[in-house]
$ cat protein_30.cif   # mmCIF, C-alpha atoms and all ligand atoms
data_my_file
loop_
_atom_site.label_atom_id
_atom_site.label_comp_id
_atom_site.auth_asym_id
_atom_site.auth_seq_id
_atom_site.Cartn_x
_atom_site.Cartn_y
_atom_site.Cartn_z
CA MET A 1 3.78 -22.21 0.01
CA LYS A 2 6.53 -22.24 2.62
CA ILE A 3 6.56 -19.04 4.67
CA ASN A 4 9.73 -18.01 6.48
CA TYR A 5 8.72 -16.01 9.54
CA SER A 6 11.12 -13.75 11.38
CA LYS A 7 11.74 -14.86 14.95
CA GLU A 8 9.87 -11.83 16.24
CA VAL A 9 6.76 -12.50 14.14
CA LYS A 10 6.76 -16.20 15.04
CA GLU A 11 7.00 -15.40 18.76
CA ALA A 12 4.29 -12.76 18.53
CA GLN A 13 1.93 -15.18 16.83
CA ASN A 14 2.63 -17.89 19.41
CA ASN A 15 1.98 -15.44 22.24
CA GLY A 16 -1.07 -13.67 20.83
CA VAL A 17 0.78 -10.37 20.30
CA PRO A 18 -0.78 -8.41 17.40
CA VAL A 19 1.15 -8.38 14.12
CA LEU A 20 0.84 -5.77 11.37
CA ALA A 21 1.78 -6.63 7.78
CA LEU A 22 3.69 -4.07 5.68
CA GLU A 23 4.44 -4.15 1.97
CA SER A 24 7.85 -3.78 0.34
CA THR A 25 7.13 -2.22 -3.05
CA ILE A 26 6.70 1.13 -1.33
CA ILE A 27 10.33 0.66 -0.16
CA ALA A 28 11.92 -0.75 -3.33
CA HIS A 29 9.96 1.15 -5.97
CA GLY A 30 8.02 3.88 -4.16
CA MET A 31 10.81 6.01 -2.67
CA PRO A 32 14.48 6.75 -3.52
CA TYR A 33 17.46 5.44 -1.54
CA PRO A 34 18.40 6.24 1.25
CA ASP A 35 15.06 7.83 2.20
CA ASN A 36 13.38 4.48 1.66
CA TYR A 37 15.72 2.72 4.09
CA GLU A 38 15.18 5.36 6.76
CA PHE A 39 11.45 5.08 6.14
CA ALA A 40 11.48 1.27 6.40
CA LYS A 41 13.26 1.43 9.75
CA ASN A 42 10.93 4.16 10.93
CA ALA A 43 7.92 2.07 9.90
CA GLU A 44 9.16 -0.84 12.01
CA ALA A 45 9.91 1.45 14.96
CA THR A 46 6.42 2.96 14.70
CA CYS A 47 4.90 -0.52 14.90
CA HIS A 48 6.88 -1.27 18.07
CA LYS A 49 5.96 2.08 19.58
CA TYR A 50 2.26 1.38 19.02
CA GLY A 51 2.38 -2.15 20.43
CA VAL A 52 2.41 -4.37 17.34
CA VAL A 53 5.09 -6.47 15.69
CA PRO A 54 5.94 -5.45 12.11
CA ALA A 55 5.81 -8.11 9.41
CA THR A 56 7.30 -6.63 6.26
CA VAL A 57 6.65 -9.02 3.38
CA ALA A 58 9.11 -9.68 0.56
CA ILE A 59 10.46 -12.49 -1.57
CA ILE A 60 14.21 -12.94 -1.33
CA ASN A 61 16.02 -15.53 -3.40
CA GLY A 62 12.76 -17.34 -4.06
CA SER A 63 11.74 -17.53 -0.37
CA VAL A 64 8.65 -15.87 1.04
CA LEU A 65 9.64 -13.77 4.03
CA VAL A 66 7.23 -12.43 6.63
CA GLY A 67 9.24 -10.12 8.86
CA LEU A 68 12.62 -8.82 7.73
CA ASP A 69 15.82 -8.01 9.61
CA GLU A 70 17.74 -4.76 9.13
CA SER A 71 20.12 -6.11 6.52
CA GLN A 72 17.21 -7.48 4.48
CA LEU A 73 15.48 -4.10 4.71
CA GLU A 74 18.63 -2.38 3.55
CA SER A 75 19.06 -4.76 0.64
CA LEU A 76 15.46 -4.16 -0.39
CA ALA A 77 16.01 -0.39 -0.20
CA SER A 78 19.36 -0.20 -1.98
CA ASP A 79 19.56 -3.13 -4.42
CA THR A 80 17.88 -2.01 -7.61
CA SER A 81 17.53 -5.55 -8.94
CA TYR A 82 14.43 -6.25 -6.82
CA LYS A 83 11.46 -6.85 -9.09
CA LYS A 84 7.97 -5.60 -8.44
CA ILE A 85 5.88 -8.66 -7.55
CA SER A 86 2.11 -8.54 -7.77
CA LYS A 87 -0.13 -11.45 -6.90
CA ARG A 88 0.18 -13.09 -10.31
CA GLU A 89 3.99 -13.20 -10.05
CA ILE A 90 4.24 -14.96 -6.68
CA GLY A 91 4.55 -18.48 -8.11
CA LEU A 92 6.89 -17.26 -10.82
CA ALA A 93 9.13 -15.53 -8.28
CA LEU A 94 9.30 -18.66 -6.11
CA ALA A 95 9.99 -21.00 -9.02
CA GLN A 96 12.72 -18.79 -10.44
CA ASN A 97 14.41 -17.67 -7.22
CA TRP A 98 13.68 -14.00 -7.70
CA ASN A 99 14.38 -11.16 -5.35
CA GLY A 100 11.25 -9.13 -5.26
CA ALA A 101 9.26 -6.49 -3.46
CA THR A 102 5.58 -7.29 -2.98
CA THR A 103 2.80 -4.91 -4.01
CA VAL A 104 -0.47 -4.51 -2.13
CA SER A 105 -2.05 -7.48 -3.95
CA ALA A 106 0.86 -9.85 -3.32
CA THR A 107 1.29 -8.67 0.28
CA MET A 108 -2.41 -9.25 0.95
CA HIS A 109 -2.15 -12.80 -0.31
CA ILE A 110 0.97 -13.65 1.68
CA ALA A 111 -0.21 -11.91 4.87
CA HIS A 112 -3.50 -13.80 4.73
CA LYS A 113 -1.71 -17.13 4.27
CA ALA A 114 0.52 -16.16 7.20
CA GLY A 115 -2.50 -15.67 9.47
CA ILE A 116 -2.18 -11.87 9.67
CA ASN A 117 -5.42 -9.91 9.36
CA VAL A 118 -4.32 -6.27 9.21
CA PHE A 119 -2.01 -4.67 6.66
CA ALA A 120 -0.95 -1.01 6.46
CA THR A 121 0.35 0.58 3.29
CA GLY A 122 0.60 4.02 1.66
CA GLY A 123 -1.77 4.04 -1.27
CA ILE A 124 -3.51 1.30 -3.19
CA GLY A 125 -3.35 0.90 -6.94
CA GLY A 126 -6.54 1.53 -8.88
CA VAL A 127 -8.01 2.40 -12.25
CA HIS A 128 -5.53 4.44 -14.28
CA ARG A 129 -6.54 7.56 -16.13
CA GLY A 130 -6.70 6.66 -19.78
CA VAL A 131 -8.13 3.23 -18.90
CA LYS A 132 -10.32 3.61 -21.97
CA TYR A 133 -7.21 3.08 -24.11
CA SER A 134 -4.84 1.16 -21.84
CA PHE A 135 -7.21 -1.09 -19.87
CA ASP A 136 -4.78 -0.52 -16.98
CA VAL A 137 -6.47 -1.48 -13.71
CA SER A 138 -4.33 -2.51 -10.74
CA GLN A 139 -4.43 -6.08 -9.46
CA ASP A 140 -4.83 -4.50 -6.03
CA LEU A 141 -8.55 -4.01 -6.69
CA VAL A 142 -9.06 -7.64 -7.63
CA ALA A 143 -7.08 -8.76 -4.58
CA LEU A 144 -9.30 -6.57 -2.41
CA ALA A 145 -12.27 -8.42 -3.80
CA GLN A 146 -10.77 -11.81 -3.05
CA ILE A 147 -8.70 -11.71 0.13
CA PRO A 148 -10.38 -11.18 3.50
CA ILE A 149 -7.97 -8.94 5.35
CA ILE A 150 -8.06 -5.31 6.45
CA VAL A 151 -6.00 -2.92 4.32
CA VAL A 152 -5.27 0.54 5.73
CA SER A 153 -4.32 3.12 3.08
CA ALA A 154 -4.47 6.87 2.44
CA GLY A 155 -6.78 6.19 -0.49
CA ALA A 156 -5.16 6.37 -3.89
CA LYS A 157 -3.23 8.95 -5.84
CA THR A 158 -4.80 11.33 -8.27
CA ILE A 159 -2.47 9.81 -10.86
CA LEU A 160 -5.41 7.41 -10.95
CA ASP A 161 -9.00 7.93 -11.97
CA LEU A 162 -10.49 8.07 -8.48
CA PRO A 163 -14.20 8.13 -9.40
CA LYS A 164 -13.74 4.97 -11.49
CA THR A 165 -11.60 3.38 -8.77
CA VAL A 166 -14.33 3.93 -6.18
CA GLU A 167 -17.01 2.66 -8.60
CA LEU A 168 -15.02 -0.48 -9.32
CA LEU A 169 -14.49 -1.15 -5.61
CA GLU A 170 -18.25 -1.08 -5.27
CA THR A 171 -18.74 -3.43 -8.22
CA LEU A 172 -16.19 -5.82 -6.75
CA GLY A 173 -18.02 -5.87 -3.42
CA VAL A 174 -15.29 -4.21 -1.37
CA VAL A 175 -16.51 -2.22 1.61
CA VAL A 176 -14.64 1.08 1.89
CA LEU A 177 -14.46 2.64 5.36
CA GLY A 178 -13.37 6.28 5.56
CA TYR A 179 -11.64 6.97 8.85
CA GLU A 180 -13.41 10.10 10.16
CA THR A 181 -14.44 11.01 6.61
CA ASN A 182 -17.05 10.14 4.01
CA GLU A 183 -14.81 11.35 1.17
CA PHE A 184 -12.30 9.05 -0.54
CA PRO A 185 -8.88 10.56 0.28
CA ALA A 186 -6.48 11.29 -2.58
CA PHE A 187 -3.20 10.21 -0.97
CA TYR A 188 -1.27 13.55 -0.90
CA SER A 189 -4.55 15.41 -0.44
CA ARG A 190 -7.27 14.85 2.12
CA SER A 191 -10.05 15.45 -0.33
CA SER A 192 -10.87 14.22 -3.83
CA GLY A 193 -14.46 15.25 -4.41
CA VAL A 194 -15.32 11.54 -4.55
CA TYR A 195 -17.81 10.27 -1.99
CA GLY A 196 -19.78 7.03 -1.86
CA ILE A 197 -17.87 5.44 1.02
CA HIS A 198 -18.86 4.83 4.64
CA SER A 199 -17.50 6.92 7.46
CA VAL A 200 -16.24 5.28 10.68
CA ASN A 201 -14.96 7.13 13.71
CA ASN A 202 -13.13 4.53 15.73
CA THR A 203 -11.06 1.41 15.33
CA ILE A 204 -13.41 -0.79 17.37
CA ASP A 205 -16.06 -0.24 14.70
CA ILE A 206 -13.57 -1.21 11.99
CA ALA A 207 -12.67 -4.40 13.86
CA ASN A 208 -16.39 -5.20 14.32
CA ILE A 209 -17.20 -4.65 10.64
CA TYR A 210 -14.30 -6.87 9.63
CA ASN A 211 -15.46 -9.60 12.03
CA LYS A 212 -19.03 -9.40 10.67
CA ASN A 213 -17.74 -9.63 7.11
CA LYS A 214 -15.84 -12.75 8.11
CA SER A 215 -18.61 -14.43 10.06
CA GLY A 216 -21.00 -13.50 7.26
CA GLY A 217 -18.93 -15.58 4.88
CA LEU A 218 -17.86 -12.59 2.81
CA THR A 219 -14.49 -13.24 1.27
CA CYS A 220 -13.66 -9.68 0.29
CA GLY A 221 -11.16 -7.43 1.97
CA THR A 222 -12.08 -4.48 4.19
CA LEU A 223 -10.51 -1.30 2.84
CA VAL A 224 -9.87 1.49 5.35
CA VAL A 225 -9.01 4.88 3.90
CA ASN A 226 -7.26 7.30 6.23
CA PRO A 227 -6.58 10.87 5.07
CA ILE A 228 -3.03 12.25 5.22
CA PRO A 229 -2.36 14.44 8.32
CA LYS A 230 -3.36 18.07 7.58
CA SER A 231 0.13 19.47 8.20
CA LYS A 232 1.63 17.33 5.40
CA GLU A 233 -1.13 17.65 2.85
CA ILE A 234 -0.43 18.86 -0.72
CA PRO A 235 -3.62 20.43 -2.07
CA ILE A 236 -4.92 18.73 -5.19
CA ILE A 237 -4.77 21.95 -7.19
CA GLN A 238 -0.96 22.08 -6.84
CA LEU A 239 -0.65 18.57 -8.24
CA SER A 240 -2.93 18.55 -11.28
CA SER A 241 -0.54 20.06 -13.83
CA ILE A 242 2.40 18.01 -12.53
CA ILE A 243 0.42 14.80 -12.97
CA GLN A 244 -0.76 15.82 -16.43
CA THR A 245 2.85 16.45 -17.51
CA ALA A 246 4.01 13.15 -15.97
CA TYR A 247 1.38 11.21 -17.95
CA GLU A 248 2.38 12.98 -21.16
CA LYS A 249 6.03 12.13 -20.54
CA ALA A 250 5.17 8.47 -19.80
CA SER A 251 3.28 8.27 -23.06
CA ARG A 252 6.15 9.91 -24.99
CA TYR A 253 8.64 7.37 -23.58
CA ASP A 254 6.21 4.43 -24.05
CA ILE A 255 6.17 3.69 -20.33
CA GLU A 256 3.29 1.38 -19.50
CA GLY A 257 2.31 -1.76 -17.57
CA ASN A 258 3.86 -2.17 -14.14
CA LYS A 259 6.52 0.47 -14.92
CA LEU A 260 3.91 3.21 -15.05
CA THR A 261 3.17 3.70 -11.34
CA PRO A 262 6.85 3.92 -10.22
CA PHE A 263 7.57 6.29 -13.12
CA LEU A 264 4.72 8.64 -12.22
CA LEU A 265 5.67 8.60 -8.53
CA ASN A 266 9.24 9.55 -9.35
CA GLU A 267 8.19 12.35 -11.69
CA ILE A 268 5.91 13.81 -9.04
CA SER A 269 8.62 13.60 -6.39
CA GLU A 270 11.10 15.44 -8.64
CA ARG A 271 8.63 18.13 -9.64
CA THR A 272 7.45 18.81 -6.08
CA ILE A 273 11.09 19.03 -4.92
CA GLY A 274 10.74 16.26 -2.41
CA LYS A 275 7.55 17.59 -0.82
CA SER A 276 5.65 14.56 -2.10
CA LEU A 277 8.24 12.25 -0.55
CA GLU A 278 7.74 13.85 2.86
CA ALA A 279 3.98 13.54 2.42
CA ASN A 280 4.34 9.92 1.36
CA LYS A 281 6.35 9.03 4.48
CA ALA A 282 3.97 10.89 6.79
CA LEU A 283 0.81 9.28 5.44
CA ALA A 284 2.32 5.78 5.49
CA LEU A 285 3.36 6.17 9.15
CA ASN A 286 -0.08 7.57 9.93
CA ASN A 287 -1.61 4.44 8.38
CA ILE A 288 0.68 2.24 10.46
CA LYS A 289 -0.56 3.93 13.64
CA LEU A 290 -4.17 3.32 12.66
CA GLY A 291 -3.40 -0.24 11.53
CA ALA A 292 -1.71 -0.92 14.87
CA LYS A 293 -4.81 0.20 16.78
CA ILE A 294 -7.04 -2.01 14.64
CA ALA A 295 -4.71 -5.00 15.06
CA LYS A 296 -4.82 -4.52 18.84
CA ASN A 297 -8.62 -4.31 18.81
CA LEU A 298 -8.73 -7.61 16.93
CA SER A 299 -6.29 -9.50 19.09
N1 LIG B 301 0.71 3.77 -5.02
C1 LIG B 301 1.53 4.55 -4.29
N2 LIG B 301 2.73 4.09 -3.88
C2 LIG B 301 3.15 2.83 -4.18
C3 LIG B 301 2.27 1.99 -4.93
C4 LIG B 301 1.07 2.50 -5.32
O1 LIG B 301 1.15 5.68 -4.01
O2 LIG B 301 4.27 2.44 -3.80
C5 LIG B 301 2.67 0.58 -5.22
C6 LIG B 301 1.92 -0.40 -4.28
O3 LIG B 301 2.79 -1.48 -3.98
C7 LIG B 301 0.77 -0.88 -5.14
C8 LIG B 301 1.40 -0.89 -6.52
O4 LIG B 301 0.29 -2.16 -4.78
O5 LIG B 301 2.25 0.26 -6.54
C9 LIG B 301 0.37 -0.83 -7.63
O6 LIG B 301 1.03 -0.93 -8.86
P1 LIG B 301 0.17 -1.07 -10.21
O7 LIG B 301 -0.46 0.27 -10.40
O8 LIG B 301 1.18 -1.40 -11.25
O9 LIG B 301 -0.82 -2.15 -9.97
MN MN B 302 -1.19 -1.87 -14.06
#

$ encode --input "protein_30.cif" --output "structure tokens" --more "lines below"
Ligand code: PSU
Ligand code: MN
Amino acid sequence: MKINYSKEVKEAQNNGVPVLALESTIIAHGMPYPDNYEFAKNAEATCHKYGVVPATVAIINGSVLVGLDESQLESLASDTSYKKISKREIGLALAQNWNGATTVSATMHIAHKAGINVFATGGIGGVHRGVKYSFDVSQDLVALAQIPIIVVSAGAKTILDLPKTVELLETLGVVVLGYETNEFPAFYSRSSGVYGIHSVNNTIDIANIYNKNKSGGLTCGTLVVNPIPKSKEIPIIQLSSIIQTAYEKASRYDIEGNKLTPFLLNEISERTIGKSLEANKALALNNIKLGAKIAKNLS
């Protein structure tokens, strides 16, 4: 796979400057325009402010890009023809010259091939509610089991079945490190009532655990879950009925497969009058800050 590095990423790698991978589905399918463009620029600026070089991953015209310039970021944010590319679609996208935004699973794969070991995102995909009927489980979980990089997230949304998501992460052999918490965070909310993860209190520990996983020959990823800042949190109780309604609407309109997550996100954003969008931006930037610290500890 040919990887096209931005000049800045290439230089950073040659000079031992830490690089932080970022995904592009959160931009193309996770937020509306122009908020998503502002967010993407803010994400890059936050990386620079915290001493790491941003490497946003995307596939443009069948080329794998690691590190985007401003016009590429804007195209990703505003051009609605970008597909959502998970790990299984990488080869397809390259063979058929697609424009596509990469999900957590695809970004993990590309970042790992590009020699980057830390990746910050918003939330990971997981086991959907209604899995009993739909069998809908995100490829992100499988990628976490297979690709040895650090993923920093705010947990996963309560649009998912969080207890089953955490169980499956255990089954798949993925270590989950709660940053200053032993409770799996629920994206917009700091708490979920789901425990069964390990608490860590500093980034040096995270870097050490990752290094031990690697030297121990473990090929799984290291998942760091970082709760949303308190000031931006939306308590779970305010979200439950909105999520319930969004699922019912999705089912009425036969929305399923990879269309489901973007649909649910949009419904929630509309019904919380933008509050969820603000929360989404804040938690993603918070993850970038933590990811930057980890990347610096590793370099
Ligand atoms: N969850 C969010 N925001 C997102 C996504 C998930 O809160 O933008 C995106 C990520 O790119 C993730 C993908 O990898 O959705 C998972 O999609 P699916 O559930 O179809 O696997
Ligand atoms: Mn799915």

$ closest_residue --input "protein_30.cif" --among "A:Leu76, A:Val104, A:Leu144, A:Ile110" --to "ligand LIG 301 (chain B)" --atoms "all atoms listed in the file"
A:Val104

$ residues_near_ligand --input "protein_30.cif" --ligand "ligand MN 302 (chain B)" --cutoff "7 Å" --atoms "all atoms listed in the file" --output "tab-separated table (two decimals) with C-alpha atoms, in the coordinates of the input"
chain	number	residue	atom	x	y	z
A	136	ASP	CA	-4.78	-0.52	-16.98
A	137	VAL	CA	-6.47	-1.48	-13.71
A	138	SER	CA	-4.33	-2.51	-10.74
A	257	GLY	CA	2.31	-1.76	-17.57
A	258	ASN	CA	3.86	-2.17	-14.14

$ residues_near_ligand --input "protein_30.cif" --ligand "ligand LIG 301 (chain B)" --cutoff "9 Å" --atoms "only C-alpha atoms and all ligand atoms" --output "JSON, numbers by chain"
{"A": [23, 24, 25, 26, 27, 28, 29, 30, 31, 84, 85, 86, 101, 102, 103, 104, 105, 106, 107, 121, 122, 123, 124, 125, 126, 127, 128, 136, 137, 138, 139, 140, 141, 154, 155, 156, 157, 159, 160, 187, 188, 256, 257, 258, 259, 260, 261, 262, 265, 280]}

$ write_last_selection --input "protein_30.cif" --atoms "C-alpha atoms" --output "PDB file, keeping the file's coordinate frame"
ATOM      1  CA  GLU A  23       4.440  -4.150   1.970  1.00  0.00           C
ATOM      2  CA  SER A  24       7.850  -3.780   0.340  1.00  0.00           C
ATOM      3  CA  THR A  25       7.130  -2.220  -3.050  1.00  0.00           C
ATOM      4  CA  ILE A  26       6.700   1.130  -1.330  1.00  0.00           C
ATOM      5  CA  ILE A  27      10.330   0.660  -0.160  1.00  0.00           C
ATOM      6  CA  ALA A  28      11.920  -0.750  -3.330  1.00  0.00           C
ATOM      7  CA  HIS A  29       9.960   1.150  -5.970  1.00  0.00           C
ATOM      8  CA  GLY A  30       8.020   3.880  -4.160  1.00  0.00           C
ATOM      9  CA  MET A  31      10.810   6.010  -2.670  1.00  0.00           C
ATOM     10  CA  LYS A  84       7.970  -5.600  -8.440  1.00  0.00           C
ATOM     11  CA  ILE A  85       5.880  -8.660  -7.550  1.00  0.00           C
ATOM     12  CA  SER A  86       2.110  -8.540  -7.770  1.00  0.00           C
ATOM     13  CA  ALA A 101       9.260  -6.490  -3.460  1.00  0.00           C
ATOM     14  CA  THR A 102       5.580  -7.290  -2.980  1.00  0.00           C
ATOM     15  CA  THR A 103       2.800  -4.910  -4.010  1.00  0.00           C
ATOM     16  CA  VAL A 104      -0.470  -4.510  -2.130  1.00  0.00           C
ATOM     17  CA  SER A 105      -2.050  -7.480  -3.950  1.00  0.00           C
ATOM     18  CA  ALA A 106       0.860  -9.850  -3.320  1.00  0.00           C
ATOM     19  CA  THR A 107       1.290  -8.670   0.280  1.00  0.00           C
ATOM     20  CA  THR A 121       0.350   0.580   3.290  1.00  0.00           C
ATOM     21  CA  GLY A 122       0.600   4.020   1.660  1.00  0.00           C
ATOM     22  CA  GLY A 123      -1.770   4.040  -1.270  1.00  0.00           C
ATOM     23  CA  ILE A 124      -3.510   1.300  -3.190  1.00  0.00           C
ATOM     24  CA  GLY A 125      -3.350   0.900  -6.940  1.00  0.00           C
ATOM     25  CA  GLY A 126      -6.540   1.530  -8.880  1.00  0.00           C
ATOM     26  CA  VAL A 127      -8.010   2.400 -12.250  1.00  0.00           C
ATOM     27  CA  HIS A 128      -5.530   4.440 -14.280  1.00  0.00           C
ATOM     28  CA  ASP A 136      -4.780  -0.520 -16.980  1.00  0.00           C
ATOM     29  CA  VAL A 137      -6.470  -1.480 -13.710  1.00  0.00           C
ATOM     30  CA  SER A 138      -4.330  -2.510 -10.740  1.00  0.00           C
ATOM     31  CA  GLN A 139      -4.430  -6.080  -9.460  1.00  0.00           C
ATOM     32  CA  ASP A 140      -4.830  -4.500  -6.030  1.00  0.00           C
ATOM     33  CA  LEU A 141      -8.550  -4.010  -6.690  1.00  0.00           C
ATOM     34  CA  ALA A 154      -4.470   6.870   2.440  1.00  0.00           C
ATOM     35  CA  GLY A 155      -6.780   6.190  -0.490  1.00  0.00           C
ATOM     36  CA  ALA A 156      -5.160   6.370  -3.890  1.00  0.00           C
ATOM     37  CA  LYS A 157      -3.230   8.950  -5.840  1.00  0.00           C
ATOM     38  CA  ILE A 159      -2.470   9.810 -10.860  1.00  0.00           C
ATOM     39  CA  LEU A 160      -5.410   7.410 -10.950  1.00  0.00           C
ATOM     40  CA  PHE A 187      -3.200  10.210  -0.970  1.00  0.00           C
ATOM     41  CA  TYR A 188      -1.270  13.550  -0.900  1.00  0.00           C
ATOM     42  CA  GLU A 256       3.290   1.380 -19.500  1.00  0.00           C
ATOM     43  CA  GLY A 257       2.310  -1.760 -17.570  1.00  0.00           C
ATOM     44  CA  ASN A 258       3.860  -2.170 -14.140  1.00  0.00           C
ATOM     45  CA  LYS A 259       6.520   0.470 -14.920  1.00  0.00           C
ATOM     46  CA  LEU A 260       3.910   3.210 -15.050  1.00  0.00           C
ATOM     47  CA  THR A 261       3.170   3.700 -11.340  1.00  0.00           C
ATOM     48  CA  PRO A 262       6.850   3.920 -10.220  1.00  0.00           C
ATOM     49  CA  LEU A 265       5.670   8.600  -8.530  1.00  0.00           C
ATOM     50  CA  ASN A 280       4.340   9.920   1.360  1.00  0.00           C
TER      51      ASN A 280
END

$ residues_near_point --input "protein_30.cif" --point "(-4.4, 18.6, -7.3)" --cutoff "10 Å" --atoms "only C-alpha atoms" --output "compact mmCIF listing (two decimals) with C-alpha atoms, keeping the file's coordinate frame"
# COMPACT_ATOMS: atom_id res chain seq x y z
CA LYS A 157 -3.23 8.95 -5.84
CA THR A 158 -4.80 11.33 -8.27
CA ILE A 159 -2.47 9.81 -10.86
CA ALA A 186 -6.48 11.29 -2.58
CA TYR A 188 -1.27 13.55 -0.90
CA SER A 189 -4.55 15.41 -0.44
CA SER A 191 -10.05 15.45 -0.33
CA SER A 192 -10.87 14.22 -3.83
CA ILE A 234 -0.43 18.86 -0.72
CA PRO A 235 -3.62 20.43 -2.07
CA ILE A 236 -4.92 18.73 -5.19
CA ILE A 237 -4.77 21.95 -7.19
CA GLN A 238 -0.96 22.08 -6.84
CA LEU A 239 -0.65 18.57 -8.24
CA SER A 240 -2.93 18.55 -11.28
CA SER A 241 -0.54 20.06 -13.83
CA ILE A 242 2.40 18.01 -12.53
CA ILE A 243 0.42 14.80 -12.97

$ atom_distance --input "protein_30.cif" --atom1 "atom CA of Gly274 of chain A" --atom2 "atom CA of Lys232 of chain A"
12.0 Å

$ atom_distance --input "protein_30.cif" --atom1 "atom CA of Thr219 of chain A" --atom2 "atom CA of Thr165 of chain A"
19.6 Å

$ residues_around --input "protein_30.cif" --residues "Val194 of chain A" --least-positions-apart "4" --cutoff "12 Å" --atoms "all atoms listed in the file" --output "PyMOL selection string"
chain A and resi 155-156+158+161-167+178+181-186+190+198

$ atom_distance --input "protein_30.cif" --atom1 "atom CA of Gly221 of chain A" --atom2 "atom CA of Ile204 of chain A"
16.9 Å

$ closest_residue --input "protein_30.cif" --among "A:Val131, A:Leu283, A:Leu223, A:Ala246" --to "Asn266 of chain A" --atoms "all atoms listed in the file"
A:Ala246

$ closest_residue --input "protein_30.cif" --among "A:Val142, A:Gly193, A:Gly67, A:Glu74" --to "Phe39 of chain A" --atoms "all atoms listed in the file"
A:Glu74

$ closest_residue --input "protein_30.cif" --among "A:His48, A:Lys214, A:Lys296, A:Lys83" --to "Gly16 of chain A" --atoms "all atoms listed in the file"
A:Lys296

$ residues_near_point --input "protein_30.cif" --point "(9.9, -15.2, 2.7)" --cutoff "12 Å" --atoms "only C-alpha atoms" --output "ChimeraX atom specification"
/A:1-6,24,55-69,72,90,93-94,97-102,107,110-111,113-114

$ closest_residue --input "protein_30.cif" --among "A:Val17, A:Ile228, A:Val53, A:Ala12" --to "Ala279 of chain A" --atoms "only C-alpha atoms"
A:Ile228

$ build_atoms --input "protein_30.cif" --residues "segment 86-101 of chain A" --atoms "N, CA and C atoms" --output "mmCIF file, keeping the file's coordinate frame"
data_model
loop_
_atom_site.group_PDB
_atom_site.id
_atom_site.type_symbol
_atom_site.label_atom_id
_atom_site.label_comp_id
_atom_site.auth_asym_id
_atom_site.auth_seq_id
_atom_site.Cartn_x
_atom_site.Cartn_y
_atom_site.Cartn_z
ATOM 1 N N SER A 86 3.537 -8.569 -8.081
ATOM 2 C CA SER A 86 2.110 -8.540 -7.770
ATOM 3 C C SER A 86 1.648 -9.963 -7.557
ATOM 4 N N LYS A 87 0.372 -10.124 -7.252
ATOM 5 C CA LYS A 87 -0.130 -11.450 -6.900
ATOM 6 C C LYS A 87 0.160 -12.484 -7.991
ATOM 7 N N ARG A 88 0.011 -12.084 -9.247
ATOM 8 C CA ARG A 88 0.180 -13.090 -10.310
ATOM 9 C C ARG A 88 1.616 -13.573 -10.435
ATOM 10 N N GLU A 89 2.589 -12.791 -9.914
ATOM 11 C CA GLU A 89 3.990 -13.200 -10.050
ATOM 12 C C GLU A 89 4.525 -13.995 -8.870
ATOM 13 N N ILE A 90 3.696 -14.291 -7.872
ATOM 14 C CA ILE A 90 4.240 -14.960 -6.680
ATOM 15 C C ILE A 90 4.835 -16.332 -7.050
ATOM 16 N N GLY A 91 4.062 -17.143 -7.745
ATOM 17 C CA GLY A 91 4.550 -18.480 -8.110
ATOM 18 C C GLY A 91 5.778 -18.411 -8.995
ATOM 19 N N LEU A 92 5.761 -17.466 -9.904
ATOM 20 C CA LEU A 92 6.890 -17.260 -10.820
ATOM 21 C C LEU A 92 8.151 -16.890 -10.031
ATOM 22 N N ALA A 93 7.989 -15.986 -9.085
ATOM 23 C CA ALA A 93 9.130 -15.530 -8.280
ATOM 24 C C ALA A 93 9.713 -16.674 -7.450
ATOM 25 N N LEU A 94 8.833 -17.541 -6.944
ATOM 26 C CA LEU A 94 9.300 -18.660 -6.110
ATOM 27 C C LEU A 94 9.996 -19.710 -6.977
ATOM 28 N N ALA A 95 9.421 -19.969 -8.144
ATOM 29 C CA ALA A 95 9.990 -21.000 -9.020
ATOM 30 C C ALA A 95 11.333 -20.570 -9.593
ATOM 31 N N GLN A 96 11.495 -19.249 -9.775
ATOM 32 C CA GLN A 96 12.720 -18.790 -10.440
ATOM 33 C C GLN A 96 13.671 -18.033 -9.513
ATOM 34 N N ASN A 97 13.494 -18.261 -8.213
ATOM 35 C CA ASN A 97 14.410 -17.670 -7.220
ATOM 36 C C ASN A 97 14.628 -16.177 -7.350
ATOM 37 N N TRP A 98 13.551 -15.456 -7.556
ATOM 38 C CA TRP A 98 13.680 -14.000 -7.700
ATOM 39 C C TRP A 98 13.910 -13.331 -6.357
ATOM 40 N N ASN A 99 14.454 -12.120 -6.440
ATOM 41 C CA ASN A 99 14.380 -11.160 -5.350
ATOM 42 C C ASN A 99 13.270 -10.208 -5.733
ATOM 43 N N GLY A 100 12.328 -10.015 -4.854
ATOM 44 C CA GLY A 100 11.250 -9.130 -5.260
ATOM 45 C C GLY A 100 10.558 -8.449 -4.101
ATOM 46 N N ALA A 101 10.063 -7.250 -4.409
ATOM 47 C CA ALA A 101 9.260 -6.490 -3.460
ATOM 48 C C ALA A 101 7.799 -6.776 -3.780
#
